[in-house]
file entry-v4.csv (CSV, C-alpha atoms)
chain,number,residue,atom,x,y,z
A,1,MET,CA,-21.8,-100.3,-163.2
A,2,ALA,CA,-23.0,-103.0,-160.9
A,3,ALA,CA,-24.4,-106.4,-161.6
A,4,GLU,CA,-27.4,-106.8,-163.9
A,5,LEU,CA,-30.8,-106.1,-162.7
A,6,PRO,CA,-33.2,-109.1,-162.3
A,7,ASP,CA,-35.2,-110.0,-165.3
A,8,ILE,CA,-38.5,-108.1,-164.9
A,9,GLN,CA,-41.2,-109.0,-167.4
A,10,ARG,CA,-44.4,-107.2,-168.2
A,11,VAL,CA,-47.4,-109.6,-168.4
A,12,GLU,CA,-51.0,-108.7,-169.4
A,13,GLY,CA,-53.9,-111.1,-169.0
A,14,ARG,CA,-56.8,-112.2,-166.9
A,15,LEU,CA,-56.6,-113.6,-163.3
A,16,THR,CA,-57.7,-117.2,-163.1
A,17,LYS,CA,-57.6,-119.7,-160.3
A,18,LEU,CA,-57.3,-116.8,-157.9
A,19,ALA,CA,-56.9,-117.7,-154.2
A,20,ALA,CA,-55.9,-115.8,-151.1
A,21,LYS,CA,-54.1,-117.3,-148.2
A,22,SER,CA,-53.2,-115.7,-144.9
A,23,LEU,CA,-49.6,-116.1,-143.9
A,24,TYR,CA,-50.6,-114.7,-140.4
A,25,LYS,CA,-47.9,-112.3,-139.2
A,26,ARG,CA,-46.2,-112.2,-142.6
A,27,GLY,CA,-49.2,-110.9,-144.5
A,28,ASN,CA,-51.3,-112.5,-147.3
A,29,ALA,CA,-50.4,-114.5,-150.3
A,30,TYR,CA,-52.4,-114.3,-153.5
A,31,SER,CA,-51.9,-117.0,-156.0
A,32,PHE,CA,-53.3,-116.9,-159.5
A,33,ASP,CA,-52.7,-118.0,-163.0
A,34,VAL,CA,-52.1,-115.5,-165.8
A,35,ASN,CA,-51.9,-116.9,-169.4
A,36,GLY,CA,-51.3,-120.3,-167.9
A,37,GLN,CA,-48.4,-119.2,-165.8
A,38,SER,CA,-48.9,-119.5,-162.0
A,39,MET,CA,-47.8,-116.7,-159.9
A,40,TRP,CA,-47.5,-115.5,-156.3
A,41,PHE,CA,-48.4,-112.0,-155.2
A,42,LEU,CA,-47.2,-111.5,-151.6
A,43,THR,CA,-48.5,-108.6,-149.6
A,44,SER,CA,-47.7,-107.8,-146.0
A,45,GLU,CA,-50.4,-105.7,-144.3
A,46,PRO,CA,-53.2,-106.7,-142.0
A,47,SER,CA,-56.0,-108.3,-144.0
A,48,TRP,CA,-58.8,-106.4,-142.3
A,49,GLN,CA,-57.5,-103.1,-143.6
A,50,PRO,CA,-59.3,-101.7,-146.6
A,51,THR,CA,-55.9,-101.2,-148.3
A,52,SER,CA,-55.5,-104.9,-149.0
A,53,PRO,CA,-55.6,-105.3,-152.8
A,54,PHE,CA,-59.0,-105.8,-154.4
A,55,LEU,CA,-58.6,-108.7,-156.8
A,56,ALA,CA,-61.4,-110.7,-158.3
A,57,GLU,CA,-61.5,-113.7,-160.5
A,58,GLY,CA,-61.3,-112.7,-164.2
A,59,ASP,CA,-59.9,-109.2,-163.7
A,60,ARG,CA,-57.8,-107.8,-166.5
A,61,VAL,CA,-54.4,-107.0,-165.0
A,62,GLU,CA,-50.9,-105.8,-166.0
A,63,LEU,CA,-48.1,-107.3,-164.0
A,64,ALA,CA,-44.4,-106.7,-163.4
A,65,VAL,CA,-43.1,-110.2,-162.8
A,66,LEU,CA,-39.7,-111.6,-161.8
A,67,ASP,CA,-39.0,-113.8,-164.8
A,68,THR,CA,-37.1,-116.4,-162.8
A,69,PRO,CA,-38.8,-119.4,-161.2
A,70,LEU,CA,-38.1,-119.4,-157.5
A,71,THR,CA,-39.8,-122.6,-156.6
A,72,PRO,CA,-39.3,-126.1,-158.1
A,73,THR,CA,-42.9,-125.9,-159.4
A,74,GLY,CA,-42.2,-122.8,-161.4
A,75,GLU,CA,-44.3,-120.1,-159.8
A,76,ARG,CA,-43.3,-116.5,-160.6
A,77,ARG,CA,-43.2,-113.8,-158.1
A,78,VAL,CA,-45.0,-110.5,-158.8
A,79,TYR,CA,-43.4,-107.1,-158.1
A,80,ALA,CA,-46.3,-104.9,-159.0
A,81,LEU,CA,-49.9,-105.4,-160.2
A,82,ARG,CA,-52.1,-102.9,-162.0
A,83,ASN,CA,-55.8,-103.8,-162.0
A,84,LEU,CA,-57.3,-102.5,-165.3
A,85,GLU,CA,-60.9,-102.9,-164.0
A,86,ASP,CA,-60.7,-100.1,-161.4
A,87,ASP,CA,-57.2,-98.8,-162.2
A,88,GLY,CA,-55.7,-99.7,-158.8
A,89,VAL,CA,-52.0,-100.1,-158.7
A,90,TYR,CA,-50.4,-102.2,-156.0
A,91,VAL,CA,-46.6,-102.4,-155.5
A,92,THR,CA,-45.1,-104.8,-153.1
A,93,HIS,CA,-42.5,-103.5,-150.6
A,94,PHE,CA,-43.1,-105.0,-147.2
A,95,ALA,CA,-43.0,-108.6,-148.3
A,96,TRP,CA,-39.3,-108.1,-149.1
A,97,GLN,CA,-38.6,-107.7,-145.4
A,98,GLY,CA,-35.5,-109.3,-144.3
A,99,ASN,CA,-34.3,-111.1,-147.5
A,100,SER,CA,-31.2,-109.9,-149.2
A,101,GLN,CA,-31.8,-111.8,-152.5
A,102,PRO,CA,-30.5,-110.1,-155.6
A,103,TYR,CA,-34.0,-109.6,-156.9
A,104,ALA,CA,-35.4,-107.9,-153.8
A,105,ALA,CA,-36.9,-104.4,-154.0
A,106,THR,CA,-36.9,-101.7,-151.3
A,107,ARG,CA,-38.4,-102.8,-148.0
A,108,ILE,CA,-40.3,-99.6,-147.4
A,109,ALA,CA,-42.3,-97.4,-149.8
A,110,PRO,CA,-40.3,-94.5,-151.4
A,111,GLY,CA,-40.7,-91.3,-149.4
A,112,SER,CA,-42.2,-92.9,-146.3
A,113,GLU,CA,-39.1,-92.6,-144.1
A,114,HIS,CA,-40.6,-89.8,-141.9
A,115,ARG,CA,-43.4,-92.2,-140.9
A,116,TYR,CA,-41.0,-94.8,-139.4
A,117,VAL,CA,-38.7,-92.3,-137.8
A,118,LEU,CA,-41.6,-90.5,-136.2
A,119,LYS,CA,-42.9,-93.8,-134.8
A,120,LEU,CA,-39.6,-94.7,-133.4
A,121,THR,CA,-39.3,-91.2,-131.8
A,122,ALA,CA,-42.7,-91.6,-130.2
A,123,LEU,CA,-41.7,-95.1,-128.9
A,124,LEU,CA,-38.4,-94.0,-127.4
A,125,ILE,CA,-40.0,-90.9,-125.8
A,126,GLY,CA,-42.8,-93.0,-124.4
A,127,LEU,CA,-40.2,-95.5,-122.9
A,128,LEU,CA,-38.2,-92.7,-121.3
A,129,ILE,CA,-41.4,-91.2,-119.8
A,130,ILE,CA,-42.4,-94.6,-118.4
A,131,GLY,CA,-38.9,-95.1,-116.9
A,132,ALA,CA,-39.1,-91.6,-115.4
A,133,CYS,CA,-42.5,-92.4,-113.8
A,134,ILE,CA,-41.2,-95.7,-112.4
A,135,SER,CA,-38.1,-94.2,-111.0
A,136,ALA,CA,-40.1,-91.3,-109.5
A,137,VAL,CA,-42.4,-93.8,-107.7
A,138,THR,CA,-39.7,-96.2,-106.5
A,139,GLY,CA,-37.2,-93.5,-105.8
A,140,THR,CA,-34.2,-95.2,-107.3
A,141,ASN,CA,-30.9,-93.6,-108.3
A,142,ARG,CA,-30.8,-90.8,-110.8
A,143,ALA,CA,-27.2,-91.5,-111.9
A,144,SER,CA,-28.1,-93.8,-114.8
A,145,TRP,CA,-30.3,-91.2,-116.6
A,146,PRO,CA,-27.7,-89.7,-118.9
A,147,PHE,CA,-26.6,-93.2,-119.9
A,148,LEU,CA,-30.2,-94.3,-120.7
A,149,ALA,CA,-30.9,-91.1,-122.6
A,150,GLY,CA,-27.7,-91.5,-124.6
A,151,LEU,CA,-28.6,-95.1,-125.4
A,152,CYS,CA,-31.9,-94.0,-126.8
A,153,ALA,CA,-30.2,-91.3,-128.8
A,154,VAL,CA,-27.8,-93.8,-130.2
A,155,ALA,CA,-30.6,-96.2,-131.1
A,156,TRP,CA,-32.5,-93.3,-132.8
A,157,LEU,CA,-29.4,-92.3,-134.8
A,158,LEU,CA,-28.6,-95.9,-135.8
A,159,PHE,CA,-32.1,-96.2,-137.2
A,160,ALA,CA,-32.7,-92.8,-138.7
A,161,VAL,CA,-29.3,-92.0,-140.3
A,162,PRO,CA,-29.2,-95.0,-142.7
A,163,LEU,CA,-32.8,-94.3,-143.8
A,164,TYR,CA,-32.2,-90.7,-144.5
A,165,VAL,CA,-28.9,-91.5,-146.3
A,166,LEU,CA,-30.7,-94.0,-148.6
A,167,ARG,CA,-33.4,-91.4,-149.2
A,168,TRP,CA,-30.8,-88.7,-150.0
A,169,ARG,CA,-28.9,-91.1,-152.3
A,170,TRP,CA,-32.0,-91.8,-154.3
A,171,ASN,CA,-33.0,-88.2,-154.5
A,172,ALA,CA,-29.5,-87.2,-155.6
A,173,GLY,CA,-29.5,-89.7,-158.3
A,174,PHE,CA,-27.3,-92.5,-156.9
A,175,PRO,CA,-29.8,-95.3,-156.3
A,176,THR,CA,-28.9,-98.5,-154.6
A,177,ARG,CA,-29.5,-101.9,-156.2
A,178,ARG,CA,-32.9,-102.3,-154.6
A,179,GLN,CA,-33.9,-98.8,-155.6
A,180,ARG,CA,-32.9,-99.5,-159.2
A,181,VAL,CA,-35.1,-102.6,-159.1
A,182,MET,CA,-37.9,-100.4,-157.9
A,183,GLU,CA,-37.3,-98.0,-160.8
A,184,ALA,CA,-37.3,-100.8,-163.3
A,185,VAL,CA,-40.6,-102.1,-161.9
A,186,TYR,CA,-42.2,-98.6,-162.2
A,187,ARG,CA,-40.8,-98.2,-165.7
A,188,CYS,CA,-42.2,-101.7,-166.6
A,189,LEU,CA,-45.8,-100.7,-165.8
A,190,GLY,CA,-45.4,-97.1,-167.1
A,191,LEU,CA,-45.9,-95.5,-163.7
A,192,GLY,CA,-43.2,-92.9,-164.0
A,193,SER,CA,-40.6,-92.6,-161.4
A,194,PRO,CA,-41.0,-94.2,-157.9
A,195,LEU,CA,-40.3,-90.8,-156.3
A,196,ALA,CA,-43.0,-89.1,-158.4
A,197,PRO,CA,-45.5,-91.7,-159.7
A,198,ASN,CA,-47.9,-90.4,-162.3
A,199,ARG,CA,-50.9,-92.1,-160.7
A,200,PRO,CA,-51.9,-93.1,-157.2
A,201,VAL,CA,-50.0,-96.2,-156.1
A,202,GLN,CA,-50.8,-98.4,-153.1
A,203,THR,CA,-47.9,-100.0,-151.4
A,204,VAL,CA,-48.7,-103.4,-150.0
B,1,MET,CA,-76.9,-89.2,-159.3
B,2,ARG,CA,-80.0,-88.1,-157.4
B,3,GLU,CA,-78.5,-86.0,-154.7
B,4,VAL,CA,-75.1,-84.9,-153.2
B,5,ILE,CA,-75.0,-83.6,-149.7
B,6,PRO,CA,-71.6,-82.2,-148.7
B,7,ILE,CA,-70.5,-82.9,-145.1
B,8,LYS,CA,-68.3,-80.8,-142.9
B,9,GLN,CA,-66.8,-81.9,-139.6
B,10,ASP,CA,-66.4,-85.5,-140.3
B,11,ARG,CA,-63.2,-87.4,-140.0
B,12,ARG,CA,-63.9,-89.9,-142.8
B,13,ALA,CA,-66.7,-88.8,-145.1
B,14,ARG,CA,-66.6,-85.8,-147.4
B,15,ALA,CA,-70.1,-86.1,-148.8
B,16,ILE,CA,-73.2,-88.3,-149.0
B,17,LYS,CA,-74.3,-89.2,-152.5
B,18,VAL,CA,-77.5,-91.0,-153.5
B,19,LEU,CA,-76.9,-93.0,-156.7
B,20,GLU,CA,-79.3,-94.9,-158.9
B,21,GLY,CA,-79.1,-97.3,-161.7
B,22,PRO,CA,-78.2,-101.0,-162.3
B,23,LEU,CA,-75.0,-102.5,-160.8
B,24,ASP,CA,-72.3,-102.7,-163.4
B,25,ASN,CA,-69.0,-104.5,-163.4
B,26,PHE,CA,-69.9,-106.3,-160.1
B,27,ARG,CA,-66.8,-108.0,-158.6
B,28,VAL,CA,-66.2,-110.0,-155.5
B,29,ALA,CA,-62.8,-109.7,-154.0
B,30,VAL,CA,-60.9,-112.8,-153.1
B,31,THR,CA,-60.0,-112.4,-149.4
B,32,THR,CA,-58.8,-114.4,-146.5
B,33,SER,CA,-61.3,-115.5,-144.0
B,34,MET,CA,-60.7,-112.4,-142.0
B,35,ASP,CA,-62.9,-110.1,-144.1
B,36,ILE,CA,-65.3,-111.9,-146.4
B,37,GLY,CA,-67.8,-110.0,-148.4
B,38,ARG,CA,-65.7,-107.2,-150.0
B,39,VAL,CA,-67.4,-106.3,-153.3
B,40,ARG,CA,-66.9,-103.4,-155.7
B,41,PHE,CA,-69.3,-102.3,-158.4
B,42,ALA,CA,-69.9,-99.3,-160.6
B,43,LEU,CA,-73.1,-97.4,-160.0
B,44,ASP,CA,-74.0,-94.3,-162.0
B,45,GLY,CA,-70.4,-94.3,-163.3
B,46,ILE,CA,-68.9,-94.2,-159.7
B,47,VAL,CA,-66.9,-97.1,-158.3
B,48,VAL,CA,-68.5,-98.1,-155.0
B,49,ASP,CA,-66.8,-100.3,-152.3
B,50,ALA,CA,-68.9,-102.3,-150.0
B,51,ARG,CA,-68.1,-104.5,-147.0
B,52,LEU,CA,-71.2,-106.7,-146.8
B,53,ARG,CA,-70.4,-107.9,-143.4
B,54,GLU,CA,-71.7,-104.6,-142.0
B,55,GLN,CA,-74.9,-105.0,-144.1
B,56,HIS,CA,-75.4,-108.6,-143.0
B,57,THR,CA,-75.8,-109.9,-146.6
B,58,SER,CA,-73.8,-112.1,-148.8
B,59,PRO,CA,-72.3,-111.2,-152.2
B,60,GLU,CA,-74.7,-113.6,-153.9
B,61,THR,CA,-77.7,-111.2,-153.1
B,62,LEU,CA,-76.0,-108.4,-155.0
B,63,GLN,CA,-74.8,-110.7,-157.7
B,64,THR,CA,-78.3,-111.6,-158.6
B,65,LEU,CA,-79.3,-107.9,-158.7
B,66,ALA,CA,-76.3,-107.3,-161.0
B,67,ASP,CA,-77.2,-110.2,-163.2
B,68,GLN,CA,-80.8,-109.2,-163.6
B,69,HIS,CA,-79.9,-105.5,-164.1
B,70,THR,CA,-82.3,-104.5,-161.4
B,71,PRO,CA,-82.2,-100.7,-160.9
B,72,VAL,CA,-81.3,-99.8,-157.4
B,73,VAL,CA,-81.1,-96.7,-155.3
B,74,ALA,CA,-78.1,-96.5,-153.0
B,75,GLY,CA,-76.7,-94.2,-150.4
B,76,VAL,CA,-72.9,-94.0,-150.4
B,77,PHE,CA,-70.3,-92.0,-148.4
B,78,GLU,CA,-67.7,-90.2,-150.4
B,79,MET,CA,-64.6,-90.7,-148.2
B,80,ARG,CA,-61.8,-88.2,-147.7
B,81,ASP,CA,-59.4,-90.4,-149.8
B,82,GLY,CA,-61.8,-90.2,-152.8
B,83,THR,CA,-63.3,-93.7,-152.5
B,84,HIS,CA,-67.0,-94.4,-152.1
B,85,ALA,CA,-68.3,-96.7,-149.4
B,86,LEU,CA,-71.8,-98.2,-149.6
B,87,ASP,CA,-74.2,-97.6,-146.7
B,88,TRP,CA,-77.6,-98.7,-147.8
B,89,LEU,CA,-79.0,-100.1,-151.0
B,90,LEU,CA,-82.7,-100.4,-152.1
B,91,PRO,CA,-83.4,-102.6,-155.1
B,92,GLN,CA,-86.4,-101.5,-157.1
B,93,GLY,CA,-89.6,-103.1,-155.8
B,94,ALA,CA,-88.1,-104.2,-152.5
B,95,GLN,CA,-89.7,-103.1,-149.3
B,96,GLN,CA,-86.6,-103.2,-147.0
B,97,PRO,CA,-83.2,-101.7,-147.9
B,98,ILE,CA,-80.0,-103.7,-147.5
B,99,ALA,CA,-78.6,-101.6,-144.7
B,100,PRO,CA,-76.3,-101.9,-141.7
B,101,GLU,CA,-77.7,-102.2,-138.2
B,102,PRO,CA,-79.2,-98.9,-136.9
B,103,THR,CA,-76.8,-96.9,-134.8
B,104,GLN,CA,-79.2,-97.1,-131.9
B,105,VAL,CA,-79.1,-100.9,-131.9
B,106,ARG,CA,-75.3,-101.0,-132.1
B,107,VAL,CA,-75.0,-98.5,-129.2
B,108,GLU,CA,-77.4,-100.5,-127.1
B,109,LYS,CA,-75.5,-103.7,-127.8
B,110,ALA,CA,-72.2,-102.1,-126.8
B,111,TRP,CA,-73.7,-100.8,-123.6
B,112,ARG,CA,-75.2,-104.2,-122.8
B,113,SER,CA,-72.0,-106.1,-123.3
B,114,LEU,CA,-70.0,-103.7,-121.1
B,115,PRO,CA,-70.9,-104.8,-117.6
B,116,ARG,CA,-70.2,-108.4,-118.2
B,117,ALA,CA,-66.9,-107.6,-119.9
B,118,LEU,CA,-65.9,-105.4,-117.0
B,119,TRP,CA,-66.8,-108.0,-114.5
B,120,LEU,CA,-64.8,-110.7,-116.4
B,121,ALA,CA,-61.8,-108.3,-116.7
B,122,ALA,CA,-61.9,-107.6,-113.0
B,123,SER,CA,-62.2,-111.2,-111.9
B,124,GLY,CA,-59.6,-112.4,-114.4
B,125,GLY,CA,-57.2,-109.7,-113.3
B,126,LEU,CA,-57.7,-110.4,-109.6
B,127,ILE,CA,-57.3,-114.2,-110.0
B,128,GLY,CA,-54.2,-113.8,-112.2
B,129,ALA,CA,-52.7,-111.3,-109.8
B,130,ALA,CA,-53.4,-113.6,-106.9
B,131,ALA,CA,-51.8,-116.6,-108.7
B,132,PHE,CA,-48.7,-114.5,-109.6
B,133,PHE,CA,-48.4,-113.2,-106.0
B,134,LEU,CA,-48.7,-116.6,-104.5
B,135,ALA,CA,-46.2,-118.1,-106.9
B,136,LEU,CA,-43.7,-115.3,-105.9
B,137,GLN,CA,-44.3,-115.6,-102.2
B,138,ILE,CA,-44.8,-119.3,-101.5
B,139,LYS,CA,-42.5,-122.0,-102.9
B,140,SER,CA,-45.2,-124.6,-103.0
B,141,ALA,CA,-47.6,-122.5,-105.0
B,142,TRP,CA,-45.2,-122.7,-108.0
B,143,ASN,CA,-46.9,-125.7,-109.5
B,144,LEU,CA,-48.9,-126.7,-112.6
B,145,PRO,CA,-52.5,-126.2,-111.4
B,146,PHE,CA,-51.6,-122.7,-110.2
B,147,LEU,CA,-49.9,-121.9,-113.6
B,148,ILE,CA,-53.0,-123.2,-115.5
B,149,VAL,CA,-55.3,-121.1,-113.4
B,150,GLY,CA,-53.1,-118.0,-113.9
B,151,ALA,CA,-52.9,-118.5,-117.6
B,152,LEU,CA,-56.6,-119.0,-117.9
B,153,ALA,CA,-57.2,-115.9,-115.9
B,154,MET,CA,-54.8,-113.9,-118.1
B,155,ALA,CA,-56.6,-115.2,-121.3
B,156,ALA,CA,-60.0,-114.1,-119.9
B,157,LEU,CA,-58.5,-110.7,-119.0
B,158,ILE,CA,-57.1,-110.2,-122.5
B,159,PHE,CA,-60.4,-111.2,-124.2
B,160,SER,CA,-62.5,-109.1,-122.0
B,161,LEU,CA,-60.2,-106.1,-122.5
B,162,LEU,CA,-60.5,-106.5,-126.3
B,163,GLN,CA,-64.3,-106.6,-125.9
B,164,ILE,CA,-64.2,-103.5,-123.8
B,165,VAL,CA,-62.0,-101.7,-126.3
B,166,PHE,CA,-64.3,-102.6,-129.2
B,167,SER,CA,-67.4,-101.5,-127.2
B,168,PHE,CA,-65.9,-98.2,-126.4
B,169,ASN,CA,-64.8,-97.8,-130.0
B,170,THR,CA,-68.4,-98.4,-131.2
B,171,LEU,CA,-69.7,-95.9,-128.6
B,172,TRP,CA,-67.1,-93.3,-129.6
B,173,GLU,CA,-67.7,-93.7,-133.3
B,174,SER,CA,-71.4,-93.4,-133.1
B,175,PHE,CA,-71.0,-90.4,-130.8
B,176,SER,CA,-68.4,-88.5,-132.7
B,177,ARG,CA,-70.0,-89.1,-136.1
B,178,ARG,CA,-73.6,-88.8,-134.9
B,179,ARG,CA,-74.4,-85.9,-137.2
B,180,THR,CA,-73.2,-87.8,-140.3
B,181,LEU,CA,-75.0,-90.9,-139.3
B,182,GLN,CA,-78.2,-89.1,-138.5
B,183,LEU,CA,-78.0,-87.3,-141.8
B,184,MET,CA,-77.5,-90.6,-143.6
B,185,ALA,CA,-80.4,-92.2,-141.7
B,186,SER,CA,-82.7,-89.3,-142.7
B,187,VAL,CA,-81.6,-89.7,-146.3
B,188,MET,CA,-82.4,-93.4,-146.2
B,189,VAL,CA,-85.8,-92.8,-144.7
B,190,LYS,CA,-86.5,-90.2,-147.5
B,191,TYR,CA,-85.7,-92.7,-150.2
B,192,CYS,CA,-86.9,-95.9,-148.6
B,193,GLY,CA,-90.0,-94.6,-146.9
B,194,ALA,CA,-90.8,-94.6,-143.2
B,195,GLN,CA,-91.4,-98.3,-143.1
B,196,ALA,CA,-87.7,-98.9,-143.4
B,197,HIS,CA,-86.5,-99.7,-139.9
B,198,GLY,CA,-85.7,-96.4,-138.2
B,199,ARG,CA,-82.2,-95.4,-137.3

call {"tool": "encode", "arguments": {"input": "entry-v4.csv", "output": "structure tokens"}}
result
Amino acid sequence: MAAELPDIQRVEGRLTKLAAKSLYKRGNAYSFDVNGQSMWFLTSEPSWQPTSPFLAEGDRVELAVLDTPLTPTGERRVYALRNLEDDGVYVTHFAWQGNSQPYAATRIAPGSEHRYVLKLTALLIGLLIIGACISAVTGTNRASWPFLAGLCAVAWLLFAVPLYVLRWRWNAGFPTRRQRVMEAVYRCLGLGSPLAPNRPVQTV
Amino acid sequence: MREVIPIKQDRRARAIKVLEGPLDNFRVAVTTSMDIGRVRFALDGIVVDARLREQHTSPETLQTLADQHTPVVAGVFEMRDGTHALDWLLPQGAQQPIAPEPTQVRVEKAWRSLPRALWLAASGGLIGAAAFFLALQIKSAWNLPFLIVGALAMAALIFSLLQIVFSFNTLWESFSRRRTLQLMASVMVKYCGAQAHGR
């Protein structure tokens, strides 16, 4: 079929030299050593939310790691982490935002398309309502309304259709490369399929 | 487990549990400077999360309790997502529990901070609007001192708006969850005695 998947390796060990660093708008970076190998675990959610991963020094973990050094110093990048102390499973999605590398996984969590489409719908409807209020107050021309509404509809379609096409493809058994990477990650940690994981998974 | 009290009509919590025993498997999360003091421990076979910033303690206090295997009594909320969040914790032999600020105190603080924040927001907004209006209307007002004054006013406005939002959030939380919080306070008084600072 397509090109080979990236080399995903399962690593078990204890977290040592654990440190967290805020990347500000781009989330948090957790760096640690497992079995003498230094690794990066990049998450992208606000650090004050209780969903940020709970990692402590000396935890026993299972990792799905990209087995290719990305930096000159040889750090590995972590796809997913399972903390054996409290059985929390964290899978990285949002940190793959905007890079089209061959090893990247899906940018959003599987099955979370409705959330984004609903947010966009609310935003567009809010913008249209604000525009209607402004034009009602200032009394400007009404001729451009069909054009603006059409623009919003086109933006909505451009956003929603690709998301739902990708979702349909995965459900119908034709996953994209990123989706196959995700499946390999879930298989590596024994979590079942990404569409129906066999234990609660936190996306970070 | 000493006691389980189911709660209806609360957005977050599903039940109040009173647990006892020593702290097992005490772990301190590595975090960024935004939220220090996240700890997790097993008590009575239940994994409990705690954010010690609310309780105004440091992880070291609980670490010593865990190292010495001191039995504790703790009140936790069972959240809707199945996790457990610590509210108060009484080590054996201690007089005062490790507890967050009483709701009454938090509400009073929010009320006291409101007038000053509103005043700051109003003055910042007026000064900023005046600077903007002058810059639009008069050519000579489009200069650096006016820009600095406008930017400072805008910064003051934003900060005071944030403070107002947080105050209202506190007030709304303590109002909408008042039954749960009162119930937890009465449970704490029952286990810690009346000398524990009343909530």

call {"tool": "interface_residues", "arguments": {"input": "entry-v4.csv", "of": "chain A", "to": "chain B", "cutoff": "12 Å", "atoms": "all atoms listed in the file", "output": "PyMOL selection string"}}
result
chain A and resi 15-24+27-32+46-60+85-88+200

call {"tool": "residues_near_point", "arguments": {"input": "entry-v4.csv", "point": "(-71.0, -95.0, -128.0)", "cutoff": "12 Å", "atoms": "all atoms listed in the file", "output": "list in words"}}
result
Thr103, Gln104, Val105, Arg106, Val107, Glu108, Lys109, Ala110, Trp111, Arg112, Leu114, Ile164, Val165, Phe166, Ser167, Phe168, Asn169, Thr170, Leu171, Trp172, Glu173, Ser174, Phe175, Ser176, Arg177 and Arg178 of chain B

call {"tool": "residues_around", "arguments": {"input": "entry-v4.csv", "residues": "Tyr164 in chain A", "least_positions_apart": "3", "cutoff": "10 Å", "atoms": "all atoms listed in the file", "output": "PyMOL selection string"}}
result
chain A and resi 111+113-114+117+159-161+167-170

call {"tool": "residues_around", "arguments": {"input": "entry-v4.csv", "residues": "Gln37 in chain A", "least_positions_apart": "6", "cutoff": "9 Å", "atoms": "all atoms listed in the file", "output": "compact mmCIF listing (two decimals) with C-alpha atoms, in the coordinates of the input"}}
result
# COMPACT_ATOMS: atom_id res chain seq x y z
CA GLY A 74 -42.20 -122.80 -161.40
CA GLU A 75 -44.30 -120.10 -159.80
CA ARG A 76 -43.30 -116.50 -160.60

call {"tool": "residues_around", "arguments": {"input": "entry-v4.csv", "residues": "Leu127 in chain A", "least_positions_apart": "6", "cutoff": "12 Å", "atoms": "all atoms listed in the file", "output": "PyMOL selection string"}}
result
chain A and resi 120-121+133-134+148-149+151-152

call {"tool": "closest_residue", "arguments": {"input": "entry-v4.csv", "among": "A:Leu124, A:Ala136, A:Ala196, A:Leu191", "to": "Val91 in chain A", "atoms": "only C-alpha atoms"}}
result
A:Leu191

call {"tool": "residues_near_point", "arguments": {"input": "entry-v4.csv", "point": "(-41.5, -95.9, -152.4)", "cutoff": "8 Å", "atoms": "all atoms listed in the file", "output": "list in words"}}
result
His93, Thr106, Ile108, Ala109, Pro110, Gly111, Ser112, Met182, Pro194, Leu195 and Thr203 of chain A

call {"tool": "atom_distance", "arguments": {"input": "entry-v4.csv", "atom1": "CA of Asp33 in chain A", "atom2": "CA of Leu84 in chain A"}}
result
16.3 Å

call {"tool": "closest_residue", "arguments": {"input": "entry-v4.csv", "among": "A:Phe147, A:Tyr103, A:Phe41, A:Tyr116", "to": "Arg177 in chain A", "atoms": "all atoms listed in the file"}}
result
A:Tyr103

call {"tool": "atom_distance", "arguments": {"input": "entry-v4.csv", "atom1": "CA of Pro175 in chain A", "atom2": "CA of Ala105 in chain A"}}
result
11.8 Å

call {"tool": "atom_distance", "arguments": {"input": "entry-v4.csv", "atom1": "CA of Gln96 in chain B", "atom2": "CA of His56 in chain B"}}
result
13.1 Å

call {"tool": "residues_around", "arguments": {"input": "entry-v4.csv", "residues": "Gly124 in chain B", "least_positions_apart": "6", "cutoff": "7 Å", "atoms": "only C-alpha atoms", "output": "ChimeraX atom specification"}}
result
/B:153-154,156-157

call {"tool": "closest_residue", "arguments": {"input": "entry-v4.csv", "among": "B:Thr180, B:Ser160, B:Thr83, B:Ser140", "to": "Ala121 in chain B", "atoms": "only C-alpha atoms"}}
result
B:Ser160

call {"tool": "closest_residue", "arguments": {"input": "entry-v4.csv", "among": "A:Glu4, A:Glu45, A:Glu183, A:Glu12", "to": "Glu62 in chain A", "atoms": "only C-alpha atoms"}}
result
A:Glu12

call {"tool": "residues_around", "arguments": {"input": "entry-v4.csv", "residues": "Gln55 in chain B", "least_positions_apart": "2", "cutoff": "7 Å", "atoms": "all atoms listed in the file", "output": "mmCIF file with C-alpha atoms, keeping the file's coordinate frame"}}
result
data_model
loop_
_atom_site.group_PDB
_atom_site.id
_atom_site.type_symbol
_atom_site.label_atom_id
_atom_site.label_comp_id
_atom_site.auth_asym_id
_atom_site.auth_seq_id
_atom_site.Cartn_x
_atom_site.Cartn_y
_atom_site.Cartn_z
ATOM 1 C CA LEU B 52 -71.200 -106.700 -146.800
ATOM 2 C CA ARG B 53 -70.400 -107.900 -143.400
ATOM 3 C CA THR B 57 -75.800 -109.900 -146.600
ATOM 4 C CA ILE B 98 -80.000 -103.700 -147.500
ATOM 5 C CA ALA B 99 -78.600 -101.600 -144.700
ATOM 6 C CA PRO B 100 -76.300 -101.900 -141.700
#

call {"tool": "closest_residue", "arguments": {"input": "entry-v4.csv", "among": "B:Leu136, B:Glu101, B:Val189, B:Glu20", "to": "Asp44 in chain B", "atoms": "all atoms listed in the file"}}
result
B:Glu20

call {"tool": "closest_residue", "arguments": {"input": "entry-v4.csv", "among": "B:His69, B:Lys190, B:Lys139, B:Arg80", "to": "Asp10 in chain B", "atoms": "only C-alpha atoms"}}
result
B:Arg80
